[in-house]
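Colleague: You'll find coords_8.txt just under this line, and it carries compact mmCIF, N, CA and C atoms.
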# COMPACT_ATOMS: atom_id res chain seq x y z
N MET A 1 32.30 4.03 23.50
CA MET A 1 32.13 3.16 22.35
C MET A 1 30.82 3.53 21.63
N ALA A 2 30.91 3.91 20.38
CA ALA A 2 29.74 4.33 19.62
C ALA A 2 29.03 3.12 19.01
N THR A 3 27.71 3.18 19.03
CA THR A 3 26.93 2.11 18.41
C THR A 3 26.83 2.38 16.92
N THR A 4 26.39 1.39 16.17
CA THR A 4 26.25 1.58 14.72
C THR A 4 25.22 2.65 14.41
N TYR A 5 24.20 2.79 15.26
CA TYR A 5 23.20 3.83 15.02
C TYR A 5 23.79 5.22 15.19
N GLN A 6 24.71 5.39 16.11
CA GLN A 6 25.34 6.68 16.32
C GLN A 6 26.32 7.02 15.20
N GLN A 7 26.79 6.00 14.50
CA GLN A 7 27.75 6.22 13.42
C GLN A 7 27.07 6.47 12.08
N GLN A 8 25.76 6.33 12.02
CA GLN A 8 25.05 6.53 10.76
C GLN A 8 25.06 7.99 10.34
N ARG A 9 24.85 8.19 9.05
CA ARG A 9 24.75 9.54 8.52
C ARG A 9 23.47 10.21 9.02
N ASP A 10 23.42 11.54 8.88
CA ASP A 10 22.21 12.27 9.20
C ASP A 10 21.09 11.80 8.28
N ARG A 11 19.87 11.80 8.82
CA ARG A 11 18.71 11.39 8.02
C ARG A 11 18.42 12.40 6.92
N ARG A 12 17.96 11.91 5.82
CA ARG A 12 17.54 12.73 4.70
C ARG A 12 16.05 12.51 4.48
N THR A 13 15.43 13.43 3.80
CA THR A 13 14.02 13.26 3.46
C THR A 13 13.91 12.14 2.44
N PRO A 14 13.11 11.12 2.74
CA PRO A 14 12.98 10.02 1.77
C PRO A 14 12.16 10.46 0.56
N PRO A 15 12.27 9.74 -0.53
CA PRO A 15 11.45 10.05 -1.70
C PRO A 15 9.96 9.99 -1.34
N HIS A 16 9.17 10.79 -1.99
CA HIS A 16 7.75 10.77 -1.72
C HIS A 16 6.98 10.68 -3.03
N VAL A 17 5.71 10.31 -2.90
CA VAL A 17 4.83 10.19 -4.05
C VAL A 17 3.62 11.07 -3.78
N ALA A 18 3.23 11.86 -4.76
CA ALA A 18 2.05 12.71 -4.63
C ALA A 18 0.80 11.84 -4.51
N LEU A 19 -0.19 12.31 -3.73
CA LEU A 19 -1.42 11.54 -3.56
C LEU A 19 -2.12 11.28 -4.88
N ALA A 20 -2.11 12.24 -5.78
CA ALA A 20 -2.75 12.04 -7.09
C ALA A 20 -2.06 10.91 -7.85
N ASP A 21 -0.73 10.83 -7.74
CA ASP A 21 0.01 9.75 -8.41
C ASP A 21 -0.29 8.41 -7.75
N LEU A 22 -0.41 8.41 -6.43
CA LEU A 22 -0.77 7.18 -5.71
C LEU A 22 -2.13 6.69 -6.16
N ARG A 23 -3.06 7.62 -6.30
CA ARG A 23 -4.41 7.24 -6.76
C ARG A 23 -4.35 6.70 -8.18
N PHE A 24 -3.54 7.33 -9.03
CA PHE A 24 -3.41 6.89 -10.42
C PHE A 24 -2.87 5.46 -10.51
N VAL A 25 -1.78 5.18 -9.80
CA VAL A 25 -1.19 3.84 -9.89
C VAL A 25 -2.04 2.79 -9.20
N SER A 26 -2.87 3.21 -8.26
CA SER A 26 -3.76 2.25 -7.60
C SER A 26 -4.97 1.92 -8.48
N GLY A 27 -5.17 2.74 -9.53
CA GLY A 27 -6.29 2.51 -10.44
C GLY A 27 -7.64 2.92 -9.87
N LYS A 28 -7.62 3.75 -8.82
CA LYS A 28 -8.86 4.18 -8.17
C LYS A 28 -9.28 5.56 -8.67
N THR A 29 -10.58 5.77 -8.69
CA THR A 29 -11.11 7.07 -9.05
C THR A 29 -11.24 7.93 -7.79
N LEU A 30 -11.45 9.22 -7.98
CA LEU A 30 -11.72 10.11 -6.85
C LEU A 30 -12.89 9.58 -6.03
N ASP A 31 -13.95 9.16 -6.73
CA ASP A 31 -15.14 8.66 -6.03
C ASP A 31 -14.83 7.42 -5.19
N GLU A 32 -14.06 6.49 -5.74
CA GLU A 32 -13.73 5.26 -5.01
C GLU A 32 -12.93 5.56 -3.75
N VAL A 33 -11.97 6.45 -3.85
CA VAL A 33 -11.16 6.81 -2.69
C VAL A 33 -12.02 7.54 -1.66
N CYS A 34 -12.88 8.43 -2.13
CA CYS A 34 -13.76 9.17 -1.21
C CYS A 34 -14.70 8.23 -0.46
N VAL A 35 -15.27 7.26 -1.15
CA VAL A 35 -16.17 6.31 -0.49
C VAL A 35 -15.42 5.50 0.56
N ALA A 36 -14.25 4.98 0.21
CA ALA A 36 -13.47 4.17 1.15
C ALA A 36 -13.03 4.99 2.35
N ALA A 37 -12.58 6.21 2.12
CA ALA A 37 -12.14 7.07 3.22
C ALA A 37 -13.32 7.49 4.08
N SER A 38 -14.46 7.75 3.47
CA SER A 38 -15.65 8.17 4.21
C SER A 38 -16.13 7.09 5.17
N GLU A 39 -15.96 5.83 4.79
CA GLU A 39 -16.35 4.73 5.67
C GLU A 39 -15.52 4.74 6.95
N VAL A 40 -14.27 5.11 6.85
CA VAL A 40 -13.40 5.18 8.01
C VAL A 40 -13.71 6.43 8.84
N LEU A 41 -13.99 7.52 8.17
CA LEU A 41 -14.21 8.81 8.83
C LEU A 41 -15.60 8.92 9.47
N ASP A 42 -16.55 8.09 9.03
CA ASP A 42 -17.95 8.20 9.47
C ASP A 42 -18.57 9.53 9.06
N LYS A 43 -17.98 10.18 8.09
CA LYS A 43 -18.56 11.37 7.48
C LYS A 43 -17.99 11.45 6.07
N PRO A 44 -18.68 12.14 5.18
CA PRO A 44 -18.22 12.14 3.79
C PRO A 44 -16.93 12.94 3.57
N LEU A 45 -16.05 12.34 2.78
CA LEU A 45 -14.90 13.06 2.23
C LEU A 45 -15.31 13.34 0.79
N THR A 46 -15.48 14.60 0.46
CA THR A 46 -15.98 14.96 -0.86
C THR A 46 -14.88 14.91 -1.91
N ARG A 47 -15.33 14.80 -3.16
CA ARG A 47 -14.39 14.84 -4.29
C ARG A 47 -13.61 16.15 -4.29
N GLY A 48 -14.30 17.25 -3.99
CA GLY A 48 -13.65 18.55 -3.97
C GLY A 48 -12.57 18.63 -2.89
N ALA A 49 -12.88 18.08 -1.72
CA ALA A 49 -11.90 18.10 -0.62
C ALA A 49 -10.68 17.26 -0.98
N LEU A 50 -10.91 16.05 -1.52
CA LEU A 50 -9.79 15.19 -1.89
C LEU A 50 -8.97 15.82 -3.00
N SER A 51 -9.63 16.40 -3.98
CA SER A 51 -8.92 17.06 -5.07
C SER A 51 -8.07 18.22 -4.54
N ALA A 52 -8.62 19.00 -3.62
CA ALA A 52 -7.88 20.13 -3.04
C ALA A 52 -6.67 19.63 -2.25
N ILE A 53 -6.82 18.51 -1.55
CA ILE A 53 -5.69 17.93 -0.80
C ILE A 53 -4.62 17.45 -1.78
N GLU A 54 -5.05 16.75 -2.84
CA GLU A 54 -4.10 16.25 -3.83
C GLU A 54 -3.33 17.37 -4.52
N ASN A 55 -3.97 18.50 -4.71
CA ASN A 55 -3.34 19.62 -5.42
C ASN A 55 -2.66 20.62 -4.50
N GLY A 56 -2.63 20.33 -3.22
CA GLY A 56 -1.93 21.19 -2.28
C GLY A 56 -2.66 22.46 -1.91
N LEU A 57 -3.95 22.53 -2.22
CA LEU A 57 -4.74 23.71 -1.90
C LEU A 57 -5.35 23.62 -0.50
N ARG A 58 -5.31 22.44 0.07
CA ARG A 58 -5.88 22.19 1.39
C ARG A 58 -5.01 21.15 2.08
N GLY A 59 -4.82 21.31 3.36
CA GLY A 59 -4.04 20.34 4.11
C GLY A 59 -4.94 19.29 4.74
N PRO A 60 -4.51 18.03 4.76
CA PRO A 60 -5.32 16.97 5.36
C PRO A 60 -5.11 16.91 6.87
N SER A 61 -6.18 16.61 7.58
CA SER A 61 -6.05 16.38 9.02
C SER A 61 -5.44 15.00 9.24
N ALA A 62 -5.03 14.73 10.46
CA ALA A 62 -4.49 13.40 10.79
C ALA A 62 -5.53 12.32 10.55
N ARG A 63 -6.81 12.63 10.84
CA ARG A 63 -7.88 11.65 10.61
C ARG A 63 -8.06 11.36 9.13
N VAL A 64 -7.98 12.37 8.30
CA VAL A 64 -8.12 12.17 6.86
C VAL A 64 -6.94 11.37 6.33
N LEU A 65 -5.74 11.67 6.79
CA LEU A 65 -4.57 10.88 6.36
C LEU A 65 -4.74 9.41 6.74
N ALA A 66 -5.21 9.15 7.96
CA ALA A 66 -5.42 7.77 8.39
C ALA A 66 -6.47 7.08 7.52
N ALA A 67 -7.52 7.81 7.17
CA ALA A 67 -8.56 7.24 6.30
C ALA A 67 -8.02 6.97 4.90
N LEU A 68 -7.16 7.85 4.40
CA LEU A 68 -6.56 7.62 3.09
C LEU A 68 -5.61 6.43 3.11
N GLU A 69 -4.92 6.22 4.21
CA GLU A 69 -4.06 5.03 4.34
C GLU A 69 -4.89 3.77 4.21
N VAL A 70 -6.06 3.75 4.84
CA VAL A 70 -6.95 2.59 4.73
C VAL A 70 -7.46 2.45 3.30
N ALA A 71 -7.87 3.57 2.71
CA ALA A 71 -8.42 3.54 1.34
C ALA A 71 -7.41 3.00 0.33
N TYR A 72 -6.13 3.29 0.55
CA TYR A 72 -5.09 2.83 -0.38
C TYR A 72 -4.42 1.53 0.07
N GLY A 73 -4.80 1.01 1.24
CA GLY A 73 -4.21 -0.23 1.73
C GLY A 73 -2.78 -0.04 2.20
N LEU A 74 -2.46 1.13 2.72
CA LEU A 74 -1.11 1.42 3.21
C LEU A 74 -0.99 1.09 4.68
N ARG A 75 0.24 0.95 5.15
CA ARG A 75 0.46 0.71 6.57
C ARG A 75 0.16 1.98 7.36
N THR A 76 -0.18 1.82 8.61
CA THR A 76 -0.45 2.96 9.47
C THR A 76 0.79 3.84 9.58
N GLY A 77 0.62 5.12 9.41
CA GLY A 77 1.74 6.05 9.49
C GLY A 77 2.50 6.24 8.19
N ALA A 78 2.03 5.61 7.11
CA ALA A 78 2.73 5.72 5.82
C ALA A 78 2.60 7.12 5.22
N LEU A 79 1.48 7.78 5.46
CA LEU A 79 1.28 9.12 4.93
C LEU A 79 1.59 10.14 6.02
N VAL A 80 2.50 11.02 5.72
CA VAL A 80 2.88 12.06 6.68
C VAL A 80 2.81 13.42 6.00
N THR A 81 2.67 14.45 6.79
CA THR A 81 2.63 15.80 6.26
C THR A 81 3.16 16.77 7.30
N ASN A 82 3.55 17.91 6.84
CA ASN A 82 3.97 18.96 7.77
C ASN A 82 2.87 20.00 7.93
N TYR A 83 1.67 19.66 7.47
CA TYR A 83 0.53 20.56 7.55
C TYR A 83 0.14 20.82 9.00
N GLU A 84 -0.08 22.08 9.33
CA GLU A 84 -0.55 22.45 10.66
C GLU A 84 -1.86 23.20 10.49
N PRO A 85 -2.93 22.72 11.13
CA PRO A 85 -4.23 23.40 10.99
C PRO A 85 -4.18 24.84 11.46
N ARG A 86 -4.97 25.67 10.84
CA ARG A 86 -5.07 27.06 11.28
C ARG A 86 -5.69 27.12 12.66
N THR A 87 -5.26 28.08 13.42
CA THR A 87 -5.89 28.29 14.72
C THR A 87 -6.89 29.42 14.57
N ARG A 88 -8.01 29.26 15.22
CA ARG A 88 -9.06 30.27 15.13
C ARG A 88 -9.02 31.17 16.33
N VAL A 89 -9.14 32.44 16.08
CA VAL A 89 -9.17 33.41 17.15
C VAL A 89 -10.60 33.49 17.67
N ALA A 90 -10.76 33.36 18.98
CA ALA A 90 -12.10 33.35 19.57
C ALA A 90 -12.76 34.70 19.53
The structure in this file should be written as structure tokens.
Modeller:
Amino acid sequence: MATTYQQQRDRRTPPHVALADLRFVSGKTLDEVCVAASEVLDKPLTRGALSAIENGLRGPSARVLAALEVAYGLRTGALVTNYEPRTRVA
């Protein structure tokens, strides 16, 4: 006997919103988001770093994503990425 969960369709990628668009609709400036995120990180998140993340030139760490969730008032785990940090050769 199959449960209703087993009868569901395959999952699809849900709609997403770019971080720059999230910042725009929240009415926050780069500086405001950086200050709020820096308080969570206990180190500065620079305007350049946030801009690079928003434009896809840099991937955010899990800690930065968590700080951005706080800065935007989102639930924990709301921001996800497939970014994998580079590994350094010793």
Colleague: Which of these, A:Asp21, A:Asp31, A:Glu69, A:Asp42, has the shortest distance to Glu54 in chain A once you count only C-alpha atoms?
Modeller: A:Asp21
Colleague: Please return as a compact mmCIF listing (two decimals) with N, CA and C atoms, in the coordinates of the input: the residues of chain A that backbone DSSP assigns to helix (DSSP H, G or I).
Modeller:
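Output contents, as saved in selection.txt:
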# COMPACT_ATOMS: atom_id res chain seq x y z
N THR A 4 26.39 1.39 16.17
CA THR A 4 26.25 1.58 14.72
C THR A 4 25.22 2.65 14.41
N TYR A 5 24.20 2.79 15.26
CA TYR A 5 23.20 3.83 15.02
C TYR A 5 23.79 5.22 15.19
N GLN A 6 24.71 5.39 16.11
CA GLN A 6 25.34 6.68 16.32
C GLN A 6 26.32 7.02 15.20
N GLN A 7 26.79 6.00 14.50
CA GLN A 7 27.75 6.22 13.42
C GLN A 7 27.07 6.47 12.08
N LEU A 19 -0.19 12.31 -3.73
CA LEU A 19 -1.42 11.54 -3.56
C LEU A 19 -2.12 11.28 -4.88
N ALA A 20 -2.11 12.24 -5.78
CA ALA A 20 -2.75 12.04 -7.09
C ALA A 20 -2.06 10.91 -7.85
N ASP A 21 -0.73 10.83 -7.74
CA ASP A 21 0.01 9.75 -8.41
C ASP A 21 -0.29 8.41 -7.75
N LEU A 22 -0.41 8.41 -6.43
CA LEU A 22 -0.77 7.18 -5.71
C LEU A 22 -2.13 6.69 -6.16
N ARG A 23 -3.06 7.62 -6.30
CA ARG A 23 -4.41 7.24 -6.76
C ARG A 23 -4.35 6.70 -8.18
N PHE A 24 -3.54 7.33 -9.03
CA PHE A 24 -3.41 6.89 -10.42
C PHE A 24 -2.87 5.46 -10.51
N VAL A 25 -1.78 5.18 -9.80
CA VAL A 25 -1.19 3.84 -9.89
C VAL A 25 -2.04 2.79 -9.20
N SER A 26 -2.87 3.21 -8.26
CA SER A 26 -3.76 2.25 -7.60
C SER A 26 -4.97 1.92 -8.48
N LEU A 30 -11.45 9.22 -7.98
CA LEU A 30 -11.72 10.11 -6.85
C LEU A 30 -12.89 9.58 -6.03
N ASP A 31 -13.95 9.16 -6.73
CA ASP A 31 -15.14 8.66 -6.03
C ASP A 31 -14.83 7.42 -5.19
N GLU A 32 -14.06 6.49 -5.74
CA GLU A 32 -13.73 5.26 -5.01
C GLU A 32 -12.93 5.56 -3.75
N VAL A 33 -11.97 6.45 -3.85
CA VAL A 33 -11.16 6.81 -2.69
C VAL A 33 -12.02 7.54 -1.66
N CYS A 34 -12.88 8.43 -2.13
CA CYS A 34 -13.76 9.17 -1.21
C CYS A 34 -14.70 8.23 -0.46
N VAL A 35 -15.27 7.26 -1.15
CA VAL A 35 -16.17 6.31 -0.49
C VAL A 35 -15.42 5.50 0.56
N ALA A 36 -14.25 4.98 0.21
CA ALA A 36 -13.47 4.17 1.15
C ALA A 36 -13.03 4.99 2.35
N ALA A 37 -12.58 6.21 2.12
CA ALA A 37 -12.14 7.07 3.22
C ALA A 37 -13.32 7.49 4.08
N SER A 38 -14.46 7.75 3.47
CA SER A 38 -15.65 8.17 4.21
C SER A 38 -16.13 7.09 5.17
N GLU A 39 -15.96 5.83 4.79
CA GLU A 39 -16.35 4.73 5.67
C GLU A 39 -15.52 4.74 6.95
N VAL A 40 -14.27 5.11 6.85
CA VAL A 40 -13.40 5.18 8.01
C VAL A 40 -13.71 6.43 8.84
N LEU A 41 -13.99 7.52 8.17
CA LEU A 41 -14.21 8.81 8.83
C LEU A 41 -15.60 8.92 9.47
N ARG A 47 -15.33 14.80 -3.16
CA ARG A 47 -14.39 14.84 -4.29
C ARG A 47 -13.61 16.15 -4.29
N GLY A 48 -14.30 17.25 -3.99
CA GLY A 48 -13.65 18.55 -3.97
C GLY A 48 -12.57 18.63 -2.89
N ALA A 49 -12.88 18.08 -1.72
CA ALA A 49 -11.90 18.10 -0.62
C ALA A 49 -10.68 17.26 -0.98
N LEU A 50 -10.91 16.05 -1.52
CA LEU A 50 -9.79 15.19 -1.89
C LEU A 50 -8.97 15.82 -3.00
N SER A 51 -9.63 16.40 -3.98
CA SER A 51 -8.92 17.06 -5.07
C SER A 51 -8.07 18.22 -4.54
N ALA A 52 -8.62 19.00 -3.62
CA ALA A 52 -7.88 20.13 -3.04
C ALA A 52 -6.67 19.63 -2.25
N ILE A 53 -6.82 18.51 -1.55
CA ILE A 53 -5.69 17.93 -0.80
C ILE A 53 -4.62 17.45 -1.78
N GLU A 54 -5.05 16.75 -2.84
CA GLU A 54 -4.10 16.25 -3.83
C GLU A 54 -3.33 17.37 -4.52
N ALA A 62 -5.03 14.73 10.46
CA ALA A 62 -4.49 13.40 10.79
C ALA A 62 -5.53 12.32 10.55
N ARG A 63 -6.81 12.63 10.84
CA ARG A 63 -7.88 11.65 10.61
C ARG A 63 -8.06 11.36 9.13
N VAL A 64 -7.98 12.37 8.30
CA VAL A 64 -8.12 12.17 6.86
C VAL A 64 -6.94 11.37 6.33
N LEU A 65 -5.74 11.67 6.79
CA LEU A 65 -4.57 10.88 6.36
C LEU A 65 -4.74 9.41 6.74
N ALA A 66 -5.21 9.15 7.96
CA ALA A 66 -5.42 7.77 8.39
C ALA A 66 -6.47 7.08 7.52
N ALA A 67 -7.52 7.81 7.17
CA ALA A 67 -8.56 7.24 6.30
C ALA A 67 -8.02 6.97 4.90
N LEU A 68 -7.16 7.85 4.40
CA LEU A 68 -6.56 7.62 3.09
C LEU A 68 -5.61 6.43 3.11
N GLU A 69 -4.92 6.22 4.21
CA GLU A 69 -4.06 5.03 4.34
C GLU A 69 -4.89 3.77 4.21
N VAL A 70 -6.06 3.75 4.84
CA VAL A 70 -6.95 2.59 4.73
C VAL A 70 -7.46 2.45 3.30
N ALA A 71 -7.87 3.57 2.71
CA ALA A 71 -8.42 3.54 1.34
C ALA A 71 -7.41 3.00 0.33
N TYR A 72 -6.13 3.29 0.55
CA TYR A 72 -5.09 2.83 -0.38
C TYR A 72 -4.42 1.53 0.07
Colleague: To one decimal place, how far is CA of Phe24 in chain A from CA of Arg11 in chain A in Å?
Modeller: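 Between CA of Phe24 in chain A and CA of Arg11 in chain A the gap is 29.1 Å.
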Colleague: Need to verify the contact set: range 82-88 of chain A, 8 Å, only C-alpha atoms, exclusion of same-chain residues closer than 5 positions in sequence. Can you return it as a PyMOL selection string?
Modeller: chain A and resi 59-61
Colleague: With distances taken over only C-alpha atoms, which residue among A:Val80, A:Ala67, A:Leu74, A:Leu57 lies nearest Glu39 in chain A?
Modeller: A:Ala67
Colleague: If we count all atoms listed in the file and set the cut-off at 8 Å, which residues sit around Ala37 in chain A, ignoring sequence neighbours fewer than 2 positions away in its own chain? Please answer as a count of residues only.
Modeller: 20
Colleague: Tell me, in Å to one decimal, how far atom C of Asn55 in chain A is from atom N of Val89 in chain A.
Modeller: 24.6 Å
Colleague: Point out the residue among A:Arg23, A:Leu79, A:Leu65, A:Leu30 with the least atom-to-atom distance to Leu50 in chain A, counting only C-alpha atoms.
Modeller: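 For Leu50 in chain A, the nearest of the given residues is A:Leu30.
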Colleague: Could you check the closest approach to Ile53 in chain A for each of A:Lys28, A:Gly73, A:Ala20, A:Thr81 and tell me which residue wins, using only N, CA and C atoms?
Modeller: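 Between A:Lys28, A:Gly73, A:Ala20, A:Thr81, the residue approaching Ile53 in chain A most closely is A:Ala20.
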Colleague: What are the centre and edge lengths in Å, to one decimal, of the axis-aligned box around all listed atoms of range 64-73 of chain A with 3 Å added on each side, as JSON?
Modeller:
{"center_x": -5.7, "center_y": 6.1, "center_z": 4.0, "size_x": 11.8, "size_y": 18.6, "size_z": 14.8}
